[in-house]
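Below is one structure, written out as structure tokens, with a few remarks after it.
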Amino acid sequence: MEKSIDKNDIQLVEKLKQSISEIKSEISKVIIGQDEIIDNLLISLFSKGHCLLVGVPGLAKTLLIRTVAEVLDLKFSRIQFTPDLMPSDITGTEILEEDQVSKKRSFKFIHGPVFANIILADEINRTPPKTQAALLEAMQEHKVTAAGTSYRLDEPFFVLATQNPIEQEGTYPLPEAQLDRFMFNLWLDYPSYDEEIKIIKSTTSDYKPSLQKVISKNSIESYQDLVRRVPVAENVIEYAVKLVKATRPGSLPENDVLKNLVNWGAGPRASQYLILAAKAKAVFEGRYSPRIDDVRMFALPVLRHRIIPTFNAEAEGISSVDIITRVLEKTN
């Protein structure tokens, strides 16, 4: 067991639990339903992760992330990814500027839309790999480089990238190494019948909710640090590693049925994200240490995009979700 949580952190856990309740209450003024998606977005944000959101058009993805940004008092930026989008359209560009007095010319860097706290990368698979890489580098390094000079991005920095699962014509699927940069892969479902009734009523009337800003940027950063300090029992870490290891064909016995279903399994980053998500979930609920159940809860969003089924698995209609279900059943 790691060292126990100290008194100051106990107070912070209580404050964060209260803040999360207030944040969800404010978001619910605008967004109806999607509770699990909202939970996972907040867990990813407070874990310093990023999300890949897959859903058909019209499910309020932009409205959701814009609402989260407003409630958290963060700068929001939306980038529509298109085939002609250039890396400099995301990171920024240098322009030649002339001083009005001295008439001297010098280059000045103009910040691109990536210089915000919450970025919505809309339909990231519609732009070529070079432009995708510009955003993914910023996600990993939290900085951009132009003409040999590095510029730090604002903290906190959270990227929500979306993909449309229907239209695949003219798209550039993200390579597995780049998919691995995302903490979660979330699937956005259609609302239920009752939820859709509420949505129609609120969006076709003159209802204009007033959103309150719940916490500041500095508070978010302190809570992100708190999540990292949460102690974890040895058996919880061992379980997360066992779970991830069970997705790797190279580490499975010859007679294991999963060996013929998986081409590539998840790497160590999956284990890290499982533990971070479990830590965040624990403090969101006012607990001071995560349990194995917390790890199991995030197996699907963490592993779904990190497992590559074999051709045989795909031919039999077995998806990465089915494989994760089997892994959960056999890991204890």
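Here, A, B, ... name the chains of the structure tokens in the order displayed, residue numbers run from 1 inside each chain, and ligands are numbered from 1 in the same displayed order.
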
Might you pull out every residue within 9 Å of Met86 (chain A), with only C-alpha atoms counted and same-chain residues fewer than 6 positions away left off, and present them as a PDB file with C-alpha atoms, in the first residue's frame?
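The resulting result.pdb:
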ATOM      1  CA  THR A 127      -7.879  15.400 -42.162  1.00  0.00           C
ATOM      2  CA  PRO A 128      -4.576  13.921 -43.457  1.00  0.00           C
ATOM      3  CA  LYS A 130       0.312  15.283 -41.086  1.00  0.00           C
ATOM      4  CA  THR A 131      -2.370  17.558 -39.633  1.00  0.00           C
ATOM      5  CA  ALA A 134       0.204  18.317 -35.225  1.00  0.00           C
TER       6      ALA A 134
END

Give me the residues within 12 Å of Asp293 (chain A) as an NGL selection string, counting only C-alpha atoms and dropping any in the same chain fewer than 4 places off. :A and (235-237 or 239-240 or 274-275 or 277-279 or 281-282 or 289 or 297-299 or 328 or 332)

Limited to C-alpha atoms, could you put the picked residues into a file as a PDB file, in the first residue's frame?
ATOM      1  CA  ASN A 235      -3.597  -5.649  -5.334  1.00  0.00           C
ATOM      2  CA  VAL A 236      -5.521  -2.984  -7.330  1.00  0.00           C
ATOM      3  CA  ILE A 237      -2.421  -2.150  -9.392  1.00  0.00           C
ATOM      4  CA  TYR A 239      -5.267  -6.419 -11.103  1.00  0.00           C
ATOM      5  CA  ALA A 240      -5.010  -3.563 -13.649  1.00  0.00           C
ATOM      6  CA  LEU A 274      -6.992   2.337 -15.725  1.00  0.00           C
ATOM      7  CA  ILE A 275      -5.391   3.312 -12.409  1.00  0.00           C
ATOM      8  CA  ALA A 277      -9.438   6.644 -13.943  1.00  0.00           C
ATOM      9  CA  ALA A 278     -10.021   4.487 -10.844  1.00  0.00           C
ATOM     10  CA  LYS A 279      -8.327   7.138  -8.665  1.00  0.00           C
ATOM     11  CA  LYS A 281     -13.646   7.869  -9.738  1.00  0.00           C
ATOM     12  CA  ALA A 282     -12.798   7.246  -6.075  1.00  0.00           C
ATOM     13  CA  SER A 289      -8.442   4.978  -2.432  1.00  0.00           C
ATOM     14  CA  MET A 297     -15.614  -0.089 -14.655  1.00  0.00           C
ATOM     15  CA  PHE A 298     -13.165   1.584 -17.055  1.00  0.00           C
ATOM     16  CA  ALA A 299     -11.952  -1.514 -18.916  1.00  0.00           C
ATOM     17  CA  LEU A 328     -13.068  -9.356 -17.706  1.00  0.00           C
ATOM     18  CA  ASN A 332      -9.803 -12.138 -11.140  1.00  0.00           C
TER      19      ASN A 332
END

Extract, using only C-alpha atoms, all DNA, RNA and protein residues at most 10 Å from region 194-205 of chain A, discarding same-chain residues fewer than 5 positions from it, and format them as JSON, numbers by chain. {"A": [29, 30, 31, 32, 33, 34]}

From region 62-220 of chain A, collect each residue whose DSSP state is strand (DSSP E) and return the set as an MDAnalysis selection string. chainID A and resid 76:80 92:98 105:111 118:122 143:146 149:152 158:163 184:187

Requested write-out: N, CA and C atoms of the selected residues, as a tab-separated table (two decimals), in the first residue's frame:
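The result, stored in result.tsv:
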chain	number	residue	atom	x	y	z
A	76	PHE	N	-12.64	27.76	-24.56
A	76	PHE	CA	-13.05	26.68	-25.45
A	76	PHE	C	-12.70	27.03	-26.90
A	77	SER	N	-12.25	26.02	-27.65
A	77	SER	CA	-11.93	26.22	-29.06
A	77	SER	C	-12.39	25.00	-29.85
A	78	ARG	N	-13.07	25.26	-30.97
A	78	ARG	CA	-13.54	24.16	-31.83
A	78	ARG	C	-12.80	24.22	-33.15
A	79	ILE	N	-12.24	23.08	-33.55
A	79	ILE	CA	-11.53	22.98	-34.83
A	79	ILE	C	-12.27	21.97	-35.70
A	80	GLN	N	-12.76	22.42	-36.85
A	80	GLN	CA	-13.44	21.51	-37.78
A	80	GLN	C	-12.38	20.91	-38.71
A	92	GLY	N	-0.84	27.51	-35.27
A	92	GLY	CA	-0.56	28.93	-35.43
A	92	GLY	C	0.49	29.15	-36.50
A	93	THR	N	0.72	30.39	-36.84
A	93	THR	CA	1.66	30.69	-37.93
A	93	THR	C	2.43	31.97	-37.63
A	94	GLU	N	3.58	32.11	-38.31
A	94	GLU	CA	4.38	33.32	-38.15
A	94	GLU	C	4.05	34.31	-39.26
A	95	ILE	N	3.90	35.57	-38.88
A	95	ILE	CA	3.67	36.62	-39.89
A	95	ILE	C	4.79	37.65	-39.80
A	96	LEU	N	5.07	38.30	-40.92
A	96	LEU	CA	6.10	39.35	-40.96
A	96	LEU	C	5.44	40.67	-40.57
A	97	GLU	N	5.97	41.28	-39.51
A	97	GLU	CA	5.37	42.50	-38.97
A	97	GLU	C	6.38	43.65	-39.03
A	98	GLU	N	5.90	44.83	-39.39
A	98	GLU	CA	6.79	46.01	-39.49
A	98	GLU	C	6.49	46.98	-38.36
A	105	ARG	N	11.48	45.10	-39.63
A	105	ARG	CA	10.56	43.99	-39.81
A	105	ARG	C	11.00	42.80	-38.96
A	106	SER	N	10.04	42.12	-38.39
A	106	SER	CA	10.34	40.93	-37.59
A	106	SER	C	9.16	39.97	-37.67
A	107	PHE	N	9.46	38.71	-37.38
A	107	PHE	CA	8.41	37.70	-37.40
A	107	PHE	C	7.69	37.67	-36.06
A	108	LYS	N	6.36	37.54	-36.14
A	108	LYS	CA	5.56	37.44	-34.93
A	108	LYS	C	4.69	36.18	-35.04
A	109	PHE	N	4.66	35.39	-33.96
A	109	PHE	CA	3.88	34.15	-33.96
A	109	PHE	C	2.44	34.45	-33.54
A	110	ILE	N	1.51	34.07	-34.40
A	110	ILE	CA	0.09	34.24	-34.11
A	110	ILE	C	-0.46	32.89	-33.63
A	111	HIS	N	-0.94	32.86	-32.41
A	111	HIS	CA	-1.45	31.60	-31.83
A	111	HIS	C	-2.63	31.04	-32.61
A	118	ILE	N	-9.88	23.80	-23.51
A	118	ILE	CA	-10.64	22.65	-24.00
A	118	ILE	C	-10.78	22.76	-25.52
A	119	ILE	N	-10.28	21.74	-26.22
A	119	ILE	CA	-10.31	21.73	-27.68
A	119	ILE	C	-11.28	20.67	-28.15
A	120	LEU	N	-12.20	21.06	-29.02
A	120	LEU	CA	-13.06	20.08	-29.69
A	120	LEU	C	-12.50	19.88	-31.09
A	121	ALA	N	-11.90	18.72	-31.33
A	121	ALA	CA	-11.35	18.39	-32.65
A	121	ALA	C	-12.43	17.60	-33.39
A	122	ASP	N	-13.24	18.32	-34.16
A	122	ASP	CA	-14.42	17.72	-34.79
A	122	ASP	C	-14.05	16.91	-36.03
A	143	LYS	N	2.77	21.50	-25.83
A	143	LYS	CA	3.46	22.66	-26.41
A	143	LYS	C	3.46	22.51	-27.93
A	144	VAL	N	3.69	23.61	-28.63
A	144	VAL	CA	3.86	23.56	-30.09
A	144	VAL	C	5.16	24.26	-30.44
A	145	THR	N	5.73	23.85	-31.56
A	145	THR	CA	7.00	24.43	-32.00
A	145	THR	C	6.83	25.06	-33.38
A	146	ALA	N	7.28	26.30	-33.50
A	146	ALA	CA	7.23	27.01	-34.78
A	146	ALA	C	8.55	27.72	-35.00
A	149	THR	N	11.11	27.65	-32.22
A	149	THR	CA	10.73	28.17	-30.90
A	149	THR	C	9.54	27.38	-30.37
A	150	SER	N	9.62	27.00	-29.08
A	150	SER	CA	8.53	26.25	-28.46
A	150	SER	C	7.62	27.20	-27.68
A	151	TYR	N	6.32	26.95	-27.78
A	151	TYR	CA	5.33	27.76	-27.07
A	151	TYR	C	4.49	26.83	-26.20
A	152	ARG	N	4.46	27.11	-24.88
A	152	ARG	CA	3.69	26.28	-23.96
A	152	ARG	C	2.20	26.53	-24.15
A	158	PHE	N	-7.18	19.99	-22.45
A	158	PHE	CA	-7.98	18.79	-22.66
A	158	PHE	C	-8.50	18.77	-24.09
A	159	VAL	N	-8.27	17.64	-24.77
A	159	VAL	CA	-8.72	17.50	-26.16
A	159	VAL	C	-9.82	16.45	-26.23
A	160	LEU	N	-10.93	16.83	-26.85
A	160	LEU	CA	-11.99	15.89	-27.15
A	160	LEU	C	-12.08	15.80	-28.67
A	161	ALA	N	-11.67	14.66	-29.22
A	161	ALA	CA	-11.74	14.46	-30.67
A	161	ALA	C	-12.96	13.62	-31.00
A	162	THR	N	-13.67	13.97	-32.08
A	162	THR	CA	-14.85	13.20	-32.47
A	162	THR	C	-14.63	12.49	-33.80
A	163	GLN	N	-15.33	11.37	-33.95
A	163	GLN	CA	-15.33	10.62	-35.21
A	163	GLN	C	-16.76	10.21	-35.51
A	184	PHE	N	-9.57	7.67	-23.14
A	184	PHE	CA	-10.84	6.96	-23.33
A	184	PHE	C	-11.30	6.99	-24.78
A	185	ASN	N	-11.97	5.92	-25.18
A	185	ASN	CA	-12.74	5.90	-26.43
A	185	ASN	C	-14.19	5.74	-26.01
A	186	LEU	N	-14.98	6.80	-26.17
A	186	LEU	CA	-16.37	6.80	-25.70
A	186	LEU	C	-17.33	6.72	-26.88
A	187	TRP	N	-18.34	5.89	-26.75
A	187	TRP	CA	-19.38	5.75	-27.78
A	187	TRP	C	-20.63	6.46	-27.31

I'd like to know which of A:Gln212, A:Gln140, A:Thr62, A:Ser102 is closest to Ser25 (chain A), using only C-alpha atoms. A:Gln212

Which residues are close to Ile37 (chain A), i.e. within 10 Å by only C-alpha atoms, leaving aside same-chain residues fewer than 6 positions away? Reply as JSON, numbers by chain. {"A": [43, 53, 64, 186, 187, 188, 189]}

Which is closer to Leu303 (chain A) than all the others in A:Ile215, A:Pro209, A:Met183, A:Ala280, using only C-alpha atoms? A:Met183
